[in-house]
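Novice: Please see the structure below; I have some questions.
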Amino acid sequence: MNYIFEFGWLAQYYPQIVKGVLITLELIAVGAVLGISLGIFCAWVRALGPAWLKPAVATYVELIRNTPFLIQLFFIFFGLPSLGLQLDELTAANIAMVVNLGAYSCEIIRAGIQATPKGQFEAGASLAMTRFETFRHVVLVPSLQRIWPALSSQVVIVMLGSSVVSQIAAEDLTFAANFIQSRTFRAFETYIVSTVIYLCLAILLRQGLAVLGGLIFPRRAAR
């Protein structure tokens with residue numbers, strides 16, 4: 001084996017790599033905040049919400065959880081324009097991330113709600129709280145505390161899955177890697193670098209979410 005590793009191109013293509021990392025971070029930031037918010041709303045509907053809204057939310061969740069993320073992305077970017085809704089690459093990628101994480105986080109959060117002792121619901125009712133008020137003030141935080149590790153893992157998975165947005169020319173890290181490889185023809189080195197960056201991002205994201213969980217749920221951290 002006479003293959004010679006060459007990483008001299010790193011300095012030349014450093015701006016493309018940085019831009020790709022920043023866009024990947026933007027995707028996961030928007031996807032995590034809005035996706036988890038959507039998941040909380042959907043979990044409330046499925047567990048405690050009005051009966052008339054449950055079928056629509058259940059259909060959304062099952063549809064997203066049982067179809068590939070790439071197909072969802074293509075539908076948003078290539079399909080919606082036929083209905084008159086034209087989206088740029090980054091907007092379509094952000095929407096796809098939010099919709100995808102919203103469905104998965106819904107089921108994770110719903111599991112936390114279902115694990116809530118019935119006494120907490122009864123305590124809310126005894127204080128004349130509505131079902132939504134009970135959910136907001138009594139159930140939500142303990143539920144999130146129970147499922148935070150699983151939810152954090154799902155956010156990391158979605159971050160890694162965001163690499164497919166390069167298929168619609170969203171200029172994330174994978175797009176940058178493909179661009180560099182097409183110019184340098186150093187596929188092995190290019191994808192080694194991108195793999196290491198994704199690994200570092202995943203580790204940092206997981207650790208950051210663990211720290212955030214410790215700040216949000218201090219009693220959990222104390223234990």
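How things are named: the first chain in the structure tokens is A, the next is B, and so on; residues count from 1 in each chain; ligands count from 1 in the order shown.
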I need the residues in segment 1-62 of chain A that are helix (DSSP H, G or I) according to DSSP; give them as a PyMOL selection string.
Specialist: chain A and resi 9-12+14-48+54-62
Novice: Put those residues in a file: C-alpha atoms, as a CSV table (one decimal), in the first residue's frame.
Specialist:
```
chain,number,residue,atom,x,y,z
A,9,TRP,CA,-5.3,21.4,1.4
A,10,LEU,CA,-6.7,22.1,4.9
A,11,ALA,CA,-5.3,25.7,5.0
A,12,GLN,CA,-6.7,26.5,1.5
A,14,TYR,CA,-10.4,26.3,5.9
A,15,PRO,CA,-13.1,29.0,5.2
A,16,GLN,CA,-15.4,26.4,3.6
A,17,ILE,CA,-15.0,24.0,6.6
A,18,VAL,CA,-15.7,26.8,9.1
A,19,LYS,CA,-18.8,27.9,7.1
A,20,GLY,CA,-20.0,24.3,7.0
A,21,VAL,CA,-19.6,23.9,10.7
A,22,LEU,CA,-21.4,27.1,11.5
A,23,ILE,CA,-24.3,26.2,9.3
A,24,THR,CA,-24.5,22.8,10.9
A,25,LEU,CA,-24.6,24.4,14.3
A,26,GLU,CA,-27.3,26.8,13.1
A,27,LEU,CA,-29.4,23.9,11.9
A,28,ILE,CA,-29.1,22.0,15.2
A,29,ALA,CA,-29.8,25.2,17.2
A,30,VAL,CA,-32.9,26.0,15.3
A,31,GLY,CA,-34.0,22.4,15.1
A,32,ALA,CA,-33.5,21.7,18.8
A,33,VAL,CA,-35.2,24.8,20.1
A,34,LEU,CA,-38.2,24.7,17.8
A,35,GLY,CA,-38.3,20.9,17.4
A,36,ILE,CA,-38.5,20.3,21.2
A,37,SER,CA,-41.1,23.1,21.6
A,38,LEU,CA,-43.2,21.4,18.9
A,39,GLY,CA,-42.6,18.1,20.6
A,40,ILE,CA,-43.8,19.5,24.0
A,41,PHE,CA,-47.0,20.8,22.3
A,42,CYS,CA,-47.7,17.5,20.5
A,43,ALA,CA,-46.9,15.5,23.7
A,44,TRP,CA,-49.5,17.6,25.6
A,45,VAL,CA,-52.1,17.0,22.9
A,46,ARG,CA,-51.5,13.3,22.8
A,47,ALA,CA,-51.5,12.8,26.5
A,48,LEU,CA,-53.8,15.5,27.9
A,54,LYS,CA,-55.3,14.0,18.9
A,55,PRO,CA,-55.9,12.3,15.5
A,56,ALA,CA,-54.1,15.0,13.6
A,57,VAL,CA,-51.1,15.0,15.9
A,58,ALA,CA,-51.0,11.2,16.0
A,59,THR,CA,-51.0,11.1,12.2
A,60,TYR,CA,-48.2,13.7,12.0
A,61,VAL,CA,-46.1,11.7,14.5
A,62,GLU,CA,-46.5,8.4,12.8
```
Novice: Give me the residues within 10 Å of Gly213 of chain A as a PyMOL selection string, counting only C-alpha atoms and dropping any in the same chain fewer than 5 places off.
Specialist: chain A and resi 144-145+148-149+152+207-208+218+220-221
Novice: Next, the residues of the selection above should be written as a PDB file, in the first residue's frame with C-alpha atoms.
Specialist:
```pdb
ATOM      1  CA  LEU A 144     -38.567  16.617  31.040  1.00  0.00           C
ATOM      2  CA  GLN A 145     -36.272  15.767  33.919  1.00  0.00           C
ATOM      3  CA  TRP A 148     -33.674  14.488  29.419  1.00  0.00           C
ATOM      4  CA  PRO A 149     -30.920  11.912  28.631  1.00  0.00           C
ATOM      5  CA  SER A 152     -30.431  14.746  24.453  1.00  0.00           C
ATOM      6  CA  GLN A 207     -21.848  17.463  27.055  1.00  0.00           C
ATOM      7  CA  GLY A 208     -23.510  20.829  26.524  1.00  0.00           C
ATOM      8  CA  PRO A 218     -30.481  21.348  39.744  1.00  0.00           C
ATOM      9  CA  ARG A 220     -31.170  16.032  39.552  1.00  0.00           C
ATOM     10  CA  ALA A 221     -27.606  17.300  39.255  1.00  0.00           C
TER      11      ALA A 221
END
```
Novice: Using only C-alpha atoms, which protein or nucleic acid residues come within 9 Å of Ala92 of chain A? Drop anything in the same chain fewer than 2 positions from it, and give the result as a ChimeraX atom specification.
Specialist: /A:73-74,76-77,87-90,94-97,165,168,170
Novice: Name all residues at most 10 Å from Phe179 of chain A (count only C-alpha atoms; drop same-chain ones fewer than 5 positions away) and give them as a list in words.
Specialist: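 Once the nearby chain positions are removed, what remains is Tyr13, Gln16, Ile17, Glu171, Leu173, Thr174, Thr184, Phe185 and Thr190 of chain A.
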Novice: Using the selection just defined, write its residues with N, CA and C atoms as a PDB file, in the first residue's frame.
Specialist:
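Wrote it out as part_38.pdb, contents follow:
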```pdb
ATOM      1  N   TYR A  13      -8.763  25.377   2.195  1.00  0.00           N
ATOM      2  CA  TYR A  13     -10.215  25.214   2.261  1.00  0.00           C
ATOM      3  C   TYR A  13     -10.761  25.423   3.678  1.00  0.00           C
ATOM      4  N   GLN A  16     -14.254  27.207   3.918  1.00  0.00           N
ATOM      5  CA  GLN A  16     -15.418  26.362   3.586  1.00  0.00           C
ATOM      6  C   GLN A  16     -15.773  25.438   4.744  1.00  0.00           C
ATOM      7  N   ILE A  17     -14.743  24.923   5.422  1.00  0.00           N
ATOM      8  CA  ILE A  17     -14.995  24.035   6.560  1.00  0.00           C
ATOM      9  C   ILE A  17     -15.660  24.810   7.696  1.00  0.00           C
ATOM     10  N   GLU A 171     -25.414  24.441   2.547  1.00  0.00           N
ATOM     11  CA  GLU A 171     -23.959  24.414   2.665  1.00  0.00           C
ATOM     12  C   GLU A 171     -23.481  24.052   4.064  1.00  0.00           C
ATOM     13  N   LEU A 173     -21.648  21.076   6.788  1.00  0.00           N
ATOM     14  CA  LEU A 173     -20.312  20.477   6.825  1.00  0.00           C
ATOM     15  C   LEU A 173     -20.142  19.410   5.751  1.00  0.00           C
ATOM     16  N   THR A 174     -21.145  18.583   5.535  1.00  0.00           N
ATOM     17  CA  THR A 174     -21.045  17.549   4.510  1.00  0.00           C
ATOM     18  C   THR A 174     -20.962  18.152   3.117  1.00  0.00           C
ATOM     19  N   THR A 184     -10.068  18.546  -4.681  1.00  0.00           N
ATOM     20  CA  THR A 184      -8.747  18.013  -4.336  1.00  0.00           C
ATOM     21  C   THR A 184      -8.565  16.557  -4.738  1.00  0.00           C
ATOM     22  N   PHE A 185      -9.667  15.832  -4.908  1.00  0.00           N
ATOM     23  CA  PHE A 185      -9.650  14.394  -5.189  1.00  0.00           C
ATOM     24  C   PHE A 185      -8.961  13.615  -4.066  1.00  0.00           C
ATOM     25  N   THR A 190     -10.318  13.978   3.177  1.00  0.00           N
ATOM     26  CA  THR A 190     -11.438  14.908   3.358  1.00  0.00           C
ATOM     27  C   THR A 190     -12.478  14.348   4.311  1.00  0.00           C
TER      28      THR A 190
END
```
Novice: Expressed in Å to a single decimal, how great is the separation between atom CA of Ala93 of chain A and atom CA of Asn178 of chain A?
Specialist: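 These atoms are spaced 17.5 Å apart.
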Novice: List the neighbours of Ile113 of chain A out to 10 Å using only C-alpha atoms; skip same-chain residues closer than 2 positions along the sequence, and give me the result as a PyMOL selection string.
Specialist: chain A and resi 43-44+47-48+107-111+115-117+135+139-144+146-147
Novice: Using Å and a single decimal, report how far atom CA of Ala202 of chain A sits from atom CA of Asp172 of chain A.
Specialist: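 If I compute the distance from atom CA of Asp172 of chain A to atom CA of Ala202 of chain A, I get 14.9 Å.
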Novice: Mind pulling up the distance from atom CA of Ala103 of chain A to atom CA of Pro81 of chain A?
Specialist: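 Atom CA of Ala103 of chain A lies 23.3 Å from atom CA of Pro81 of chain A.
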